[in-house]
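Trainee: Could you have a look at this structure, given as C-alpha cells, before my questions?
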Amino acid sequence: MIIIYAFCILSFVVSTLLGILRFIKGPHQSDRVVVFDLFGSLWMSASVICALYFDQPIYLDVALLIALVSFVGSLGAAVYFERSGEK
C-alpha cells in the first residue's frame, strides 16, 4: 500500500511542476485559470488520499469544500472573461 501512496505523491509533484511551467509560459489569462483549476483538483485528490491513509473521513469533507471553491472560482473567471472579451 505504501507503494501506491508513493506513486500518488510522485504524480502530484510532477503535475504541480508541469502546472507551474504552464502558469509561467501561458500566453493567455485562461491558461492561468486552467492551472488554478488543476491545483484545485490536485489539492482535492491529496485530501482524498489523506482520508484513505489516515482513515479520517473528515478529509472527504475538506475535499468537497475544495471542489466547491474551485468550481466557483472557475465559474467566476469564465464570467469575467466573457464580459471582458479576453481569450
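By convention in this document, the chains of the C-alpha cells carry letters A, B, ... by their order, each chain's residues are numbered from 1, and ligands are numbered from 1 in the order they are shown.
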Tell me, as number ranges by chain, which residues lie within 12 Å of Leu65 of chain A, counting only C-alpha atoms; anything in the same chain fewer than 6 positions away does not count.
Mentor: A: 40-41, 43-44, 47-48, 58-59, 71-72
Trainee: Do you know which residues are at most 12 Å from Gly85 of chain A counting only C-alpha atoms, after dropping those on the same chain fewer than 5 positions away, and could you put them as a ChimeraX atom specification?
Mentor: /A:29-30,77-80
Trainee: Ile49 of chain A: which residues within 12 Å, counting only C-alpha atoms, same-chain residues fewer than 4 positions away excluded, as a PDB file with C-alpha atoms, in the first residue's frame?
Mentor:
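Output saved as around34.pdb:
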ATOM      1  CA  MET A   1       0.000   0.000   0.000  1.00  0.00           C
ATOM      2  CA  ILE A   2       2.943   2.297   0.661  1.00  0.00           C
ATOM      3  CA  ILE A   4       0.588   3.259  -4.109  1.00  0.00           C
ATOM      4  CA  TYR A   5       0.852   6.278  -1.811  1.00  0.00           C
ATOM      5  CA  ALA A   6       4.407   6.952  -3.015  1.00  0.00           C
ATOM      6  CA  PHE A   7       3.205   6.805  -6.622  1.00  0.00           C
ATOM      7  CA  CYS A   8       0.387   9.253  -5.803  1.00  0.00           C
ATOM      8  CA  ILE A   9       2.815  11.694  -4.195  1.00  0.00           C
ATOM      9  CA  PHE A  12       1.223  15.108  -7.532  1.00  0.00           C
ATOM     10  CA  LEU A  42      -4.659  18.220  -7.041  1.00  0.00           C
ATOM     11  CA  TRP A  43      -5.481  19.513  -3.563  1.00  0.00           C
ATOM     12  CA  MET A  44      -8.798  17.698  -3.684  1.00  0.00           C
ATOM     13  CA  SER A  45      -7.078  14.455  -4.677  1.00  0.00           C
ATOM     14  CA  TYR A  53      -4.202   6.936   4.502  1.00  0.00           C
ATOM     15  CA  PHE A  54      -5.158   8.275   7.935  1.00  0.00           C
ATOM     16  CA  ASP A  55      -8.631   6.653   7.938  1.00  0.00           C
ATOM     17  CA  GLN A  56     -10.246  10.014   8.767  1.00  0.00           C
ATOM     18  CA  PRO A  57     -13.468  10.783   6.863  1.00  0.00           C
ATOM     19  CA  ILE A  58     -13.277  14.500   7.746  1.00  0.00           C
ATOM     20  CA  TYR A  59     -10.772  14.920   4.909  1.00  0.00           C
ATOM     21  CA  LEU A  60     -13.511  13.940   2.461  1.00  0.00           C
ATOM     22  CA  VAL A  62     -12.411  19.090   3.026  1.00  0.00           C
ATOM     23  CA  ALA A  63     -12.153  17.629  -0.492  1.00  0.00           C
TER      24      ALA A  63
END
Trainee: Which is closer to Ser70 of chain A than all the others in A:Leu38, A:Arg32, A:Ala46, A:Arg83, using only C-alpha atoms?
Mentor: A:Leu38
Trainee: If you measure from atom CA of Cys50 of chain A to atom CA of Ser15 of chain A, what distance in Å do you get, rounded to one decimal?
Mentor: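 That distance, rounded to one decimal, is 17.7 Å.
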Trainee: For Val14 of chain A, which residue out of A:Phe39, A:Ser74, A:Ile66, A:Phe81 is the nearest one, using only C-alpha atoms?
Mentor: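 Checking each of A:Phe39, A:Ser74, A:Ile66, A:Phe81 against Val14 of chain A, counting only C-alpha atoms, the winner is A:Phe39.
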